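Source file: coords-v8.txt (compact mmCIF, C-alpha atoms and all ligand atoms)
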# COMPACT_ATOMS: atom_id res chain seq x y z
CA MET C 1 0.00 0.00 0.00
CA ALA C 2 1.22 3.51 -0.70
CA ALA C 3 2.00 4.56 2.88
CA GLY C 4 1.41 8.23 3.73
CA LEU C 5 -1.20 8.63 0.98
CA ALA C 6 -3.42 6.17 2.66
CA SER C 7 -5.20 7.96 5.53
CA CYS C 8 -8.05 10.44 5.50
CA PRO C 9 -6.80 13.90 6.59
CA ALA C 10 -10.15 14.58 8.27
CA CYS C 11 -10.73 11.45 10.35
CA GLY C 12 -7.41 9.57 10.09
CA ILE C 13 -9.04 6.31 8.94
CA ASP C 14 -6.98 4.10 6.64
CA VAL C 15 -8.65 4.78 3.30
CA ALA C 16 -7.79 1.42 1.75
CA LEU C 17 -9.29 -0.29 4.76
CA ALA C 18 -12.35 1.96 4.46
CA ALA C 19 -12.74 0.95 0.81
CA VAL C 20 -12.52 -2.75 1.66
CA LEU C 21 -14.99 -2.32 4.51
CA LEU C 22 -17.42 -0.51 2.23
CA GLU C 23 -17.20 -3.22 -0.35
CA ARG C 24 -17.68 -5.90 2.31
CA GLN C 25 -20.72 -4.06 3.59
CA ALA C 26 -22.14 -3.96 0.06
CA LEU C 27 -21.37 -7.63 -0.35
CA SER C 28 -23.21 -8.50 2.82
CA VAL C 29 -26.46 -7.51 1.10
CA ILE C 30 -25.79 -9.68 -1.99
CA PRO C 31 -28.35 -12.47 -1.95
CA ALA C 32 -26.79 -15.91 -2.11
CA GLY C 33 -29.53 -17.49 -4.22
CA PRO C 34 -28.69 -17.97 -7.91
CA GLY C 35 -30.57 -15.79 -10.33
CA THR C 36 -31.46 -13.21 -7.70
CA PRO C 37 -30.31 -9.71 -8.71
CA PHE C 38 -27.37 -8.14 -6.87
CA VAL C 39 -28.46 -5.40 -4.52
CA GLY C 40 -24.84 -4.22 -4.23
CA ASP C 41 -24.15 -4.40 -7.96
CA ALA C 42 -24.14 -0.69 -8.54
CA MET C 43 -21.39 -0.14 -6.02
CA LEU C 44 -19.29 -3.11 -7.09
CA SER C 45 -19.54 -2.32 -10.74
CA ARG C 46 -18.49 1.21 -9.92
CA PHE C 47 -15.25 -0.18 -8.42
CA GLY C 48 -14.92 -2.38 -11.50
CA GLU C 49 -15.51 0.60 -13.79
CA PHE C 50 -12.97 2.56 -11.82
CA LEU C 51 -10.39 -0.23 -12.32
CA MET C 52 -11.19 -0.20 -16.04
CA LYS C 53 -10.96 3.59 -16.25
CA GLN C 54 -7.56 3.51 -14.56
CA GLY C 55 -6.39 0.82 -16.99
CA TYR C 56 -5.93 -1.93 -14.35
CA ILE C 57 -8.33 -4.31 -16.14
CA THR C 58 -10.14 -4.61 -19.46
CA ALA C 59 -13.91 -4.72 -20.00
CA ALA C 60 -13.68 -8.42 -20.76
CA GLN C 61 -11.76 -9.08 -17.53
CA LEU C 62 -14.38 -7.14 -15.55
CA ASP C 63 -17.21 -9.12 -17.13
CA ALA C 64 -15.45 -12.35 -16.37
CA ALA C 65 -14.77 -11.33 -12.76
CA LEU C 66 -18.38 -10.21 -12.18
CA GLY C 67 -19.61 -13.44 -13.69
CA ARG C 68 -17.32 -15.44 -11.39
CA GLN C 69 -18.46 -13.38 -8.42
CA ARG C 70 -22.09 -14.17 -9.23
CA GLU C 71 -21.26 -17.82 -9.59
CA LEU C 72 -19.61 -17.87 -6.17
CA ALA C 73 -22.53 -16.00 -4.61
CA GLY C 74 -24.85 -18.61 -6.09
CA ALA C 75 -22.85 -21.24 -4.26
CA GLY C 76 -23.12 -19.29 -1.01
CA VAL C 77 -19.58 -17.83 -1.13
CA ARG C 78 -19.42 -14.08 -0.86
CA GLU C 79 -16.26 -12.55 -2.24
CA THR C 80 -15.32 -8.99 -3.05
CA LEU C 81 -14.59 -8.10 -6.64
CA GLY C 82 -11.01 -7.47 -5.51
CA GLN C 83 -10.73 -10.99 -4.09
CA VAL C 84 -12.10 -12.46 -7.33
CA LEU C 85 -9.66 -10.44 -9.44
CA LEU C 86 -6.82 -11.61 -7.18
CA GLU C 87 -7.84 -15.24 -7.45
CA MET C 88 -8.17 -14.91 -11.23
CA ARG C 89 -4.66 -13.37 -11.17
CA VAL C 90 -5.92 -10.38 -13.15
CA MET C 91 -4.50 -8.00 -10.57
CA THR C 92 -1.81 -8.24 -7.89
CA ARG C 93 -2.53 -7.40 -4.25
CA GLU C 94 -0.35 -4.27 -4.50
CA GLN C 95 -2.26 -3.05 -7.59
CA LEU C 96 -5.54 -3.70 -5.86
CA GLU C 97 -4.54 -1.81 -2.73
CA LEU C 98 -3.24 1.08 -4.78
CA ALA C 99 -6.45 1.16 -6.83
CA SER C 100 -8.57 1.19 -3.62
CA VAL C 101 -6.55 4.12 -2.29
CA GLU C 102 -6.90 5.93 -5.62
CA GLN C 103 -10.65 5.42 -5.72
CA VAL C 104 -11.16 6.60 -2.15
CA GLN C 105 -9.00 9.64 -2.90
CA GLU C 106 -11.06 10.35 -6.01
CA LEU C 107 -14.24 10.10 -3.96
CA GLN C 108 -12.75 12.38 -1.31
CA SER C 109 -11.80 14.93 -3.92
CA ALA C 110 -15.32 14.81 -5.41
CA LEU C 111 -16.71 15.25 -1.90
CA ARG C 112 -14.41 18.21 -1.28
CA SER C 113 -15.54 19.95 -4.50
CA ALA C 114 -19.18 19.26 -3.61
CA ASN C 115 -18.52 20.79 -0.18
CA VAL C 116 -16.90 23.86 -1.72
CA ARG C 117 -19.90 24.30 -4.05
CA LEU C 118 -22.26 23.83 -1.13
CA GLU C 119 -20.41 26.35 1.02
CA GLN C 120 -20.51 28.80 -1.87
CA ARG C 121 -24.27 28.35 -2.20
CA VAL C 122 -24.76 28.76 1.55
CA ALA C 123 -22.65 31.95 1.44
CA ASP C 124 -24.73 33.26 -1.52
CA ARG C 125 -28.01 32.48 0.23
CA THR C 126 -26.77 34.05 3.47
CA ARG C 127 -25.84 37.21 1.58
CA GLU C 128 -29.27 37.33 -0.08
CA LEU C 129 -31.01 36.80 3.26
CA GLU C 130 -28.90 39.52 4.87
CA GLN C 131 -29.86 41.91 2.08
CA ALA C 132 -33.55 41.00 2.46
CA TYR C 133 -33.27 41.48 6.23
CA ARG C 134 -31.63 44.90 5.77
CA LYS C 135 -34.39 45.89 3.36
CA LEU C 136 -37.08 44.74 5.79
CA THR C 137 -35.45 46.60 8.67
CA GLU C 138 -35.35 49.71 6.50
CA LEU C 139 -39.03 49.31 5.57
CA ASP C 140 -39.91 48.75 9.21
CA GLN C 141 -38.06 51.94 10.10
CA LEU C 142 -39.92 53.82 7.34
CA LYS C 143 -43.24 52.44 8.58
CA GLY C 144 -42.36 53.57 12.11
CA ASN C 145 -41.44 57.06 10.90
CA PHE C 146 -44.58 57.26 8.77
CA ILE C 147 -46.84 56.28 11.69
CA SER C 148 -45.06 58.68 13.99
CA ASN C 149 -45.21 61.63 11.55
CA VAL C 150 -48.79 61.08 10.45
CA SER C 151 -50.09 60.64 13.99
CA HIS C 152 -48.36 63.81 15.17
CA GLU C 153 -49.68 65.72 12.14
CA LEU C 154 -53.20 64.45 12.86
CA ARG C 155 -53.08 65.55 16.46
CA THR C 156 -52.82 69.28 15.70
CA PRO C 157 -56.02 69.64 13.62
CA LEU C 158 -57.74 67.21 15.96
CA THR C 159 -57.02 69.45 18.94
CA LYS C 160 -58.65 72.36 17.08
CA ILE C 161 -61.72 70.31 16.15
CA LYS C 162 -62.02 69.10 19.73
CA GLY C 163 -61.71 72.62 21.12
CA PHE C 164 -64.36 74.11 18.85
CA ASN C 165 -66.60 71.10 19.37
CA ALA C 166 -66.43 71.75 23.13
CA LEU C 167 -67.22 75.43 22.59
CA LEU C 168 -70.21 74.56 20.42
CA ALA C 169 -71.42 71.97 22.94
CA SER C 170 -71.18 74.42 25.83
CA GLY C 171 -73.26 77.02 23.95
CA ASP C 172 -70.43 79.59 24.15
CA LEU C 173 -70.72 80.12 20.39
CA GLY C 174 -74.46 80.62 20.53
CA ALA C 175 -77.50 78.61 21.47
CA LEU C 176 -78.01 75.33 19.57
CA THR C 177 -81.21 73.67 18.49
CA VAL C 178 -81.83 70.17 19.85
CA GLU C 179 -80.80 68.65 16.51
CA GLN C 180 -77.62 70.73 16.43
CA GLN C 181 -76.82 69.65 19.98
CA GLN C 182 -77.24 66.02 19.01
CA ALA C 183 -75.01 66.49 15.96
CA VAL C 184 -72.34 68.13 18.11
CA GLU C 185 -72.49 65.22 20.57
CA VAL C 186 -72.04 62.69 17.78
CA MET C 187 -69.14 64.75 16.45
CA GLY C 188 -67.66 64.81 19.95
CA ARG C 189 -67.78 61.03 20.21
CA GLY C 190 -66.14 60.71 16.79
CA VAL C 191 -63.41 63.11 17.85
CA SER C 192 -62.79 61.07 21.02
CA GLU C 193 -62.44 57.89 18.98
CA LEU C 194 -60.03 59.59 16.61
CA GLU C 195 -58.11 60.97 19.55
CA ARG C 196 -57.80 57.49 21.02
CA LEU C 197 -56.58 56.09 17.73
CA VAL C 198 -54.01 58.85 17.27
CA GLY C 199 -52.90 58.34 20.90
CA ASP C 200 -52.46 54.61 20.25
CA LEU C 201 -50.44 55.29 17.11
CA ILE C 202 -48.18 57.79 18.85
CA GLN C 203 -47.69 55.43 21.76
CA PHE C 204 -46.91 52.57 19.39
CA ALA C 205 -44.41 54.62 17.36
CA THR C 206 -42.70 55.79 20.56
CA GLY C 207 -42.63 52.27 22.02
CA ALA C 208 -41.31 50.78 18.76
CA ARG C 209 -38.38 53.22 18.90
CA GLY C 210 -37.73 52.07 22.48
CA GLU C 211 -38.54 55.55 23.74
CA MET C 212 -41.56 54.83 25.90
CA VAL C 213 -41.41 57.16 28.90
CA LEU C 214 -42.65 55.70 32.18
CA ARG C 215 -43.61 57.68 35.24
CA PRO C 216 -43.70 54.90 37.82
CA ALA C 217 -45.49 55.43 41.10
CA VAL C 218 -46.94 53.28 43.86
CA MET C 219 -50.46 52.59 42.67
CA PRO C 220 -53.20 50.61 44.43
CA VAL C 221 -54.42 47.95 42.02
CA ALA C 222 -57.98 47.64 43.34
CA GLU C 223 -58.75 51.29 42.65
CA ALA C 224 -57.40 51.16 39.06
CA LEU C 225 -59.26 47.96 38.34
CA GLU C 226 -62.56 49.17 39.76
CA ARG C 227 -62.27 52.42 37.85
CA ALA C 228 -61.54 50.68 34.55
CA VAL C 229 -64.42 48.24 35.02
CA ALA C 230 -66.84 51.00 36.04
CA ALA C 231 -66.00 53.01 32.91
CA LEU C 232 -67.06 50.08 30.72
CA ARG C 233 -70.21 49.04 32.58
CA ASP C 234 -72.58 50.81 30.23
CA ARG C 235 -70.90 49.38 27.15
CA ALA C 236 -71.00 45.87 28.63
CA ALA C 237 -74.66 46.30 29.51
CA SER C 238 -75.60 47.44 26.04
CA ALA C 239 -73.70 44.46 24.61
CA ASP C 240 -75.66 42.25 27.02
CA VAL C 241 -72.46 40.99 28.64
CA MET C 242 -72.00 40.53 32.41
CA LEU C 243 -69.00 42.36 33.81
CA ALA C 244 -67.63 41.34 37.23
CA CYS C 245 -64.71 42.81 39.14
CA HIS C 246 -62.60 40.95 41.73
CA PRO C 247 -60.32 43.63 43.15
CA PRO C 248 -57.48 42.57 45.47
CA GLY C 249 -57.11 43.92 49.03
CA PRO C 250 -56.28 47.62 49.47
CA GLY C 251 -52.63 46.82 50.30
CA VAL C 252 -51.87 45.34 46.90
CA CYS C 253 -49.94 47.98 44.98
CA LEU C 254 -47.98 48.14 41.77
CA MET C 255 -44.83 50.08 41.10
CA ALA C 256 -45.88 51.23 37.66
CA ASP C 257 -46.98 54.12 35.48
CA PRO C 258 -50.66 54.53 36.47
CA GLU C 259 -51.66 56.00 33.12
CA LYS C 260 -50.12 53.12 31.20
CA VAL C 261 -51.62 50.48 33.52
CA ARG C 262 -55.01 52.07 33.11
CA TRP C 263 -54.50 51.94 29.37
CA VAL C 264 -53.61 48.22 29.56
CA LEU C 265 -56.75 47.50 31.57
CA ASP C 266 -58.86 49.45 29.09
CA GLN C 267 -57.40 47.50 26.17
CA LEU C 268 -57.98 44.08 27.71
CA LEU C 269 -61.50 44.97 28.80
CA ASP C 270 -62.24 46.59 25.44
CA ASN C 271 -61.21 43.38 23.64
CA ALA C 272 -63.20 41.21 26.03
CA ILE C 273 -66.36 43.24 25.45
CA LYS C 274 -65.73 43.53 21.73
CA PHE C 275 -65.26 39.81 21.16
CA THR C 276 -67.68 38.29 23.69
CA PRO C 277 -71.12 37.59 22.25
CA ALA C 278 -74.34 38.65 23.99
CA GLY C 279 -75.13 36.59 27.08
CA GLY C 280 -71.42 36.14 27.88
CA ARG C 281 -69.47 36.98 31.01
CA ILE C 282 -66.31 38.99 31.63
CA GLU C 283 -64.37 38.99 34.87
CA ALA C 284 -61.42 41.12 35.82
CA GLY C 285 -59.27 40.68 38.90
CA ALA C 286 -55.79 40.85 40.34
CA GLU C 287 -53.76 39.10 42.97
CA PRO C 288 -50.27 39.40 44.44
CA SER C 289 -47.79 36.67 43.59
CA GLY C 290 -44.33 36.93 45.15
CA GLY C 291 -42.95 40.36 44.39
CA ARG C 292 -45.35 40.68 41.48
CA VAL C 293 -49.01 41.39 40.83
CA ARG C 294 -50.97 39.36 38.30
CA ILE C 295 -53.85 41.24 36.69
CA TRP C 296 -56.23 39.12 34.68
CA VAL C 297 -59.25 39.52 32.41
CA THR C 298 -61.26 36.48 31.42
CA ASP C 299 -64.09 36.23 28.95
CA THR C 300 -66.47 33.67 27.53
CA GLY C 301 -65.78 34.83 23.98
CA PRO C 302 -64.74 32.74 20.97
CA GLY C 303 -61.24 31.95 22.24
CA ILE C 304 -58.19 31.86 19.99
CA ALA C 305 -56.72 28.95 18.03
CA GLU C 306 -53.25 27.88 19.18
CA ASP C 307 -51.62 28.43 15.79
CA ARG C 308 -52.73 32.09 15.83
CA LEU C 309 -51.24 32.84 19.24
CA PRO C 310 -47.79 33.92 17.98
CA GLU C 311 -49.31 36.78 15.96
CA LEU C 312 -51.71 37.91 18.67
CA PHE C 313 -49.31 40.48 20.13
CA GLU C 314 -47.91 41.58 16.76
CA PRO C 315 -48.88 45.13 15.72
CA PHE C 316 -51.71 45.47 13.18
CA HIS C 317 -52.57 41.76 13.36
CA GLN C 318 -56.26 41.01 13.62
CA LEU C 319 -57.08 37.35 13.66
CA ASP C 320 -60.37 37.44 11.87
CA GLY C 321 -60.31 40.35 9.45
CA SER C 322 -64.02 40.20 8.66
CA ALA C 323 -65.18 39.93 12.30
CA THR C 324 -62.73 42.58 13.39
CA ARG C 325 -63.84 44.98 10.70
CA ARG C 326 -67.36 44.60 12.08
CA ARG C 327 -66.01 45.31 15.54
CA GLY C 328 -63.49 47.99 14.59
CA GLY C 329 -59.96 48.57 15.78
CA THR C 330 -56.54 48.65 14.19
CA GLY C 331 -54.91 45.61 15.76
CA LEU C 332 -52.61 47.73 17.91
CA GLY C 333 -54.12 47.10 21.35
CA LEU C 334 -52.34 43.90 22.37
CA ALA C 335 -49.06 44.97 20.74
CA LEU C 336 -49.12 48.04 22.97
CA VAL C 337 -50.09 46.00 26.02
CA LYS C 338 -47.00 43.88 25.38
CA MET C 339 -44.77 46.94 24.93
CA ILE C 340 -46.07 48.54 28.11
CA ALA C 341 -45.67 45.31 30.11
CA ALA C 342 -42.12 44.87 28.77
CA ALA C 343 -41.24 48.49 29.60
CA HIS C 344 -42.18 47.64 33.21
CA GLN C 345 -40.11 44.42 33.11
CA GLY C 346 -43.42 42.62 33.03
CA THR C 347 -45.13 40.15 30.74
CA VAL C 348 -48.50 39.53 29.16
CA SER C 349 -49.76 36.04 28.38
CA VAL C 350 -52.96 34.35 27.32
CA GLU C 351 -54.66 31.08 28.15
CA THR C 352 -57.31 30.32 25.59
CA ARG C 353 -58.99 27.64 23.53
CA PRO C 354 -61.37 28.01 20.61
CA GLY C 355 -64.90 28.01 21.98
CA ALA C 356 -63.70 28.16 25.59
CA GLY C 357 -63.01 31.88 26.07
CA SER C 358 -59.75 33.63 26.86
CA ARG C 359 -57.84 34.68 29.94
CA PHE C 360 -55.27 37.45 29.49
CA VAL C 361 -52.79 37.86 32.33
CA VAL C 362 -50.46 40.81 32.83
CA ASP C 363 -47.67 40.29 35.32
CA LEU C 364 -46.15 43.52 36.72
CA PRO C 365 -43.77 44.37 39.57
CA ALA C 366 -45.42 44.97 42.94
CA ALA C 367 -44.50 48.04 44.94
CA PRO C 368 -41.88 47.11 47.56
N1 LIG G 401 -60.56 38.52 24.19
C1 LIG G 401 -60.38 38.11 22.93
N2 LIG G 401 -61.10 37.08 22.41
C2 LIG G 401 -60.89 36.68 21.13
N3 LIG G 401 -60.01 37.25 20.27
C3 LIG G 401 -59.30 38.29 20.74
C4 LIG G 401 -59.43 38.78 22.08
N4 LIG G 401 -58.56 39.80 22.23
C5 LIG G 401 -57.94 39.96 21.07
N5 LIG G 401 -58.36 39.06 20.16
C6 LIG G 401 -57.89 38.90 18.76
O1 LIG G 401 -56.63 39.52 18.67
C7 LIG G 401 -56.63 40.54 17.69
C8 LIG G 401 -55.68 41.64 18.12
O2 LIG G 401 -56.20 42.31 19.25
P1 LIG G 401 -55.80 43.81 19.44
O3 LIG G 401 -56.36 44.28 20.72
O4 LIG G 401 -54.33 43.93 19.27
O5 LIG G 401 -56.46 44.53 18.19
P2 LIG G 401 -57.96 45.00 17.95
O6 LIG G 401 -58.76 44.89 19.20
O7 LIG G 401 -58.48 44.29 16.75
O8 LIG G 401 -57.77 46.54 17.58
P3 LIG G 401 -57.46 47.74 18.61
O9 LIG G 401 -57.03 47.10 19.91
O10 LIG G 401 -56.36 48.49 17.94
O11 LIG G 401 -58.70 48.49 18.74
C9 LIG G 401 -58.08 40.95 17.60
O12 LIG G 401 -58.37 41.56 16.36
C10 LIG G 401 -58.80 39.63 17.77
O13 LIG G 401 -58.79 38.93 16.55
MG MG G 402 -57.98 45.67 21.06
How does the structure come out when it is put into structure tokens?
Ligand SMILES: Nc1ncnc2c1ncn2[C@@H]1O[C@H](COP(=O)(O)OP(=O)(O)OP(=O)(O)O)[C@@H](O)[C@H]1O
Ligand SMILES: [Mg+2]
Amino acid sequence: MAAGLASCPACGIDVALAAVLLERQALSVIPAGPGTPFVGDAMLSRFGEFLMKQGYITAAQLDAALGRQRELAGAGVRETLGQVLLEMRVMTREQLELASVEQVQELQSALRSANVRLEQRVADRTRELEQAYRKLTELDQLKGNFISNVSHELRTPLTKIKGFNALLASGDLGALTVEQQQAVEVMGRGVSELERLVGDLIQFATGARGEMVLRPAVMPVAEALERAVAALRDRAASADVMLACHPPGPGVCLMADPEKVRWVLDQLLDNAIKFTPAGGRIEAGAEPSGGRVRIWVTDTGPGIAEDRLPELFEPFHQLDGSATRRRGGTGLGLALVKMIAAAHQGTVSVETRPGAGSRFVVDLPAAP
């Protein structure tokens, strides 16, 4: 054997030995029965072809050797093509060993080129993906800027409309007929909705830039919860949905931005009322848990399928476009709840099953 040439640089295995082992393994699946096709033929004939290509044997010698090998297999004797060629004195042992080494080296070289091609393709794909990622990041940035600019631009005229609407409603600009008063009230409600939407957009754009400003304070949870529930009682009643509050004891306090927590409660309750059909029940409560407070809102609404959960807290994602359009909203509520919870080192999670309602839980730090 050609020493030095004969071991794999990667794993150190003797390549001639590896070739013999491979051939033996292929032989082990050759059926002994005469007439049965060779399962390992392809591999063996490839070694035979290799020997031919290298000029060790002729086509006629290969045919004869394969025929002899088949004959032996028929008689229950399994021999490698190499052994047969040796016995037939077509090749010497040294030639055979050299040929095995050469074939393994050829295979290794083919494998190396395939690896190089593969690495090249991986590098190309990685570059393409990086470019796509950069483009997406850029688009995301543009979207953020757009939302931020538009919402700020909307706020200025909205403030004027709101101001004059208030003046009209108060009668400071002259007495109104009953119809005019009603129209002004409807306009006022529309302005409030727009104001809420613009507020959400501004808050989202600020949060997405990581610039959410918190003004943390010690805040009693019961009071915030009762206030949020009370504000939605009328809406729940007109939707024919029961609304129950389970406030914790007066000593349970959060260390959090009260305005933001109130906003979180409003969002969760708003969703619960929006998605729970008439006759349903909504409950809101909170309890201390270690150094944290868990605030929860449960409903008997439609619940959410498991495969939709990952997108639930993504901005602008509404699970059922048609139903949501009927119920309104932009799909920002839960994304903002998540941002606000995260800004407080808190979390928001949901336990839900289709047809079995939902339970949203916000976990926030308790006041020391
Ligand atoms: N309690 C719930 N029961 C069933 N589905 C819900 C519930 N809360 C949220 N969802 C689903 O999650 C989606 C996202 O909720 P999210 O609050 O972010 O947006 P939205 O309520 O549609 O709009 P917005 O909050 O901006 O008014 C909803 O559109 C709805 O499909
Ligand atoms: Mg919502």
| Contact residues around Val264 (chain C) with all atoms listed in the file at 9 Å, ignoring same-chain residues under 5 positions, as number ranges by chain | C: 259, 269, 333-334, 336-338, 340-341, 362
With C-alpha atoms retained, could you export that selection as a PDB file, keeping the file's coordinate frame?
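out00.pdb was written with the following content:
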ATOM      1  CA  GLU C 259     -51.660  56.000  33.120  1.00  0.00           C
ATOM      2  CA  LEU C 269     -61.500  44.970  28.800  1.00  0.00           C
ATOM      3  CA  GLY C 333     -54.120  47.100  21.350  1.00  0.00           C
ATOM      4  CA  LEU C 334     -52.340  43.900  22.370  1.00  0.00           C
ATOM      5  CA  LEU C 336     -49.120  48.040  22.970  1.00  0.00           C
ATOM      6  CA  VAL C 337     -50.090  46.000  26.020  1.00  0.00           C
ATOM      7  CA  LYS C 338     -47.000  43.880  25.380  1.00  0.00           C
ATOM      8  CA  ILE C 340     -46.070  48.540  28.110  1.00  0.00           C
ATOM      9  CA  ALA C 341     -45.670  45.310  30.110  1.00  0.00           C
ATOM     10  CA  VAL C 362     -50.460  40.810  32.830  1.00  0.00           C
TER      11      VAL C 362
END
Taking only residues of chain C that have an atom at most 9 Å from an atom of ligand MG 402 (chain G), what is each one's shortest atom pair and its distance in Å to one decimal, using only C-alpha atoms and all ligand atoms, in chain and number order, as a Markdown table?
| residue | atom | partner | partner_atom | distance |
| --- | --- | --- | --- | --- |
| C:Asp266 | CA | G:MG402 | MG | 8.9 |
| C:Gln267 | CA | G:MG402 | MG | 5.5 |
| C:Leu268 | CA | G:MG402 | MG | 6.8 |
| C:Leu269 | CA | G:MG402 | MG | 8.5 |
| C:Asp270 | CA | G:MG402 | MG | 6.2 |
| C:Asn271 | CA | G:MG402 | MG | 4.7 |
| C:Ala272 | CA | G:MG402 | MG | 8.5 |
| C:Lys274 | CA | G:MG402 | MG | 8.1 |
| C:Gln318 | CA | G:MG402 | MG | 8.9 |
| C:Gly328 | CA | G:MG402 | MG | 8.8 |
| C:Gly329 | CA | G:MG402 | MG | 6.3 |
| C:Thr330 | CA | G:MG402 | MG | 7.6 |
| C:Gly331 | CA | G:MG402 | MG | 6.1 |
| C:Leu332 | CA | G:MG402 | MG | 6.6 |
| C:Gly333 | CA | G:MG402 | MG | 4.1 |
| C:Leu334 | CA | G:MG402 | MG | 6.1 |
| C:Ala335 | CA | G:MG402 | MG | 9.0 |
| note | From CA of Gly55 (chain C) to CA of Glu94 (chain C) the spacing works out at 14.8 Å
Around all of ligand LIG 401 (chain G)'s listed atoms, make the axis-aligned box with 6 Å on each side and tell me centre and edge lengths in Å to one decimal, as lines of an AutoDock Vina configuration file.
center_x = -57.7
center_y = 42.6
center_z = 20.3
size_x = 18.8
size_y = 23.8
size_z = 19.8
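Proximity to Leu86 (chain C) was assessed for C:Ala244, C:His344, C:Gln69, C:Gln181 counting all atoms listed in the file; the smallest distance is recorded for C:Gln69.
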| message | Between C:Ser100, C:Thr276, C:Gln345, C:Thr58, which residue has the minimum interatomic distance to ligand LIG 401 (chain G), considering only C-alpha atoms and all ligand atoms? | response |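 For ligand LIG 401 (chain G), the nearest of the candidates is C:Thr276.
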| task | Would you kindly return, as an MDAnalysis selection string, each protein, DNA or RNA residue with an atom no farther than 9 Å from any atom of Ile202 (chain C), considering only C-alpha atoms and excluding same-chain residues fewer than 4 positions away? | result | chainID C and resid 147:149 151:152 197:198 206:207
| query | In terms of the shortest atom-to-atom distance over all atoms listed in the file, which of C:Glu106, C:Glu195, C:Asp363, C:Asp299 is closest to ligand LIG 401 (chain G)? | reply |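 Among C:Glu106, C:Glu195, C:Asp363, C:Asp299, it is C:Asp299 that comes nearest to ligand LIG 401 (chain G).
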| task | Write out as a count of residues only each polymer residue whose atoms come within 12 Å of Gly290 (chain C), counting all atoms listed in the file; drop sequence neighbours fewer than 3 positions from it. | result | 10
| Taking (-70.3, 64.1, 16.5) in the file's coordinates as the center, which residues reach within 12 Å of it, counting only C-alpha atoms, put as a ChimeraX atom specification? | /C:161-162,164-166,168-169,179-194
| Which protein, DNA or RNA residues are at most 7 Å from (-61.6, 33.9, 23.6) in the file's coordinates when you count all atoms listed in the file, listed as number ranges by chain? | C: 299-304, 352-358
Please dump the current selection as a short mmCIF file (atom, residue, chain, number, x, y, z; two decimals), keeping the file's coordinate frame; keep C-alpha atoms.
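Contents of the output file result13.cif:
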data_model
loop_
_atom_site.label_atom_id
_atom_site.label_comp_id
_atom_site.auth_asym_id
_atom_site.auth_seq_id
_atom_site.Cartn_x
_atom_site.Cartn_y
_atom_site.Cartn_z
CA ASP C 299 -64.09 36.23 28.95
CA THR C 300 -66.47 33.67 27.53
CA GLY C 301 -65.78 34.83 23.98
CA PRO C 302 -64.74 32.74 20.97
CA GLY C 303 -61.24 31.95 22.24
CA ILE C 304 -58.19 31.86 19.99
CA THR C 352 -57.31 30.32 25.59
CA ARG C 353 -58.99 27.64 23.53
CA PRO C 354 -61.37 28.01 20.61
CA GLY C 355 -64.90 28.01 21.98
CA ALA C 356 -63.70 28.16 25.59
CA GLY C 357 -63.01 31.88 26.07
CA SER C 358 -59.75 33.63 26.86
#
| field | Residue with smallest distance to ligand LIG 401 (chain G) - pool C:Leu312, C:Ala256, C:Val213, C:Val116, counting only C-alpha atoms and all ligand atoms | value | C:Leu312
| Which residue of C:Leu201, C:Val348, C:Met88, C:Val261 approaches ligand LIG 401 (chain G) most closely, using only C-alpha atoms and all ligand atoms |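 Of all the options, C:Leu201 lies closest to ligand LIG 401 (chain G).
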| message | What's the separation between CA of Glu314 (chain C) and CA of Phe204 (chain C), in Å to one decimal place? | response |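 Between CA of Glu314 (chain C) and CA of Phe204 (chain C) the gap is 11.3 Å.
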| task | Using CA of Ala208 (chain C) and CA of Gly346 (chain C) as the two end points, give the distance in Å to one decimal. | result |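 About the pair CA of Ala208 (chain C) and CA of Gly346 (chain C): they are 16.6 Å apart.
Proximity of C:Leu62, C:Ala73, C:Ala343, C:Leu142 to Gly210 (chain C), computed with only C-alpha atoms, is greatest for C:Ala343.
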List the spatial neighbours of Arg233 (chain C) as a PDB file with C-alpha atoms, in the coordinates of the input - criterion: any atom at most 10 Å away, only C-alpha atoms, same-chain residues fewer than 6 positions off excluded.
ATOM      1  CA  ALA C 239     -73.700  44.460  24.610  1.00  0.00           C
ATOM      2  CA  VAL C 241     -72.460  40.990  28.640  1.00  0.00           C
ATOM      3  CA  MET C 242     -72.000  40.530  32.410  1.00  0.00           C
ATOM      4  CA  LEU C 243     -69.000  42.360  33.810  1.00  0.00           C
ATOM      5  CA  ALA C 244     -67.630  41.340  37.230  1.00  0.00           C
ATOM      6  CA  ILE C 273     -66.360  43.240  25.450  1.00  0.00           C
TER       7      ILE C 273
END
| request: Do a neighbour search on Tyr56 (chain C) at 8 Å with all atoms listed in the file, toss out local chain neighbours closer than 3 positions, and write the hits as a list in words. | output: Leu51, Met52, Lys53, Met91 and Gln95 of chain C
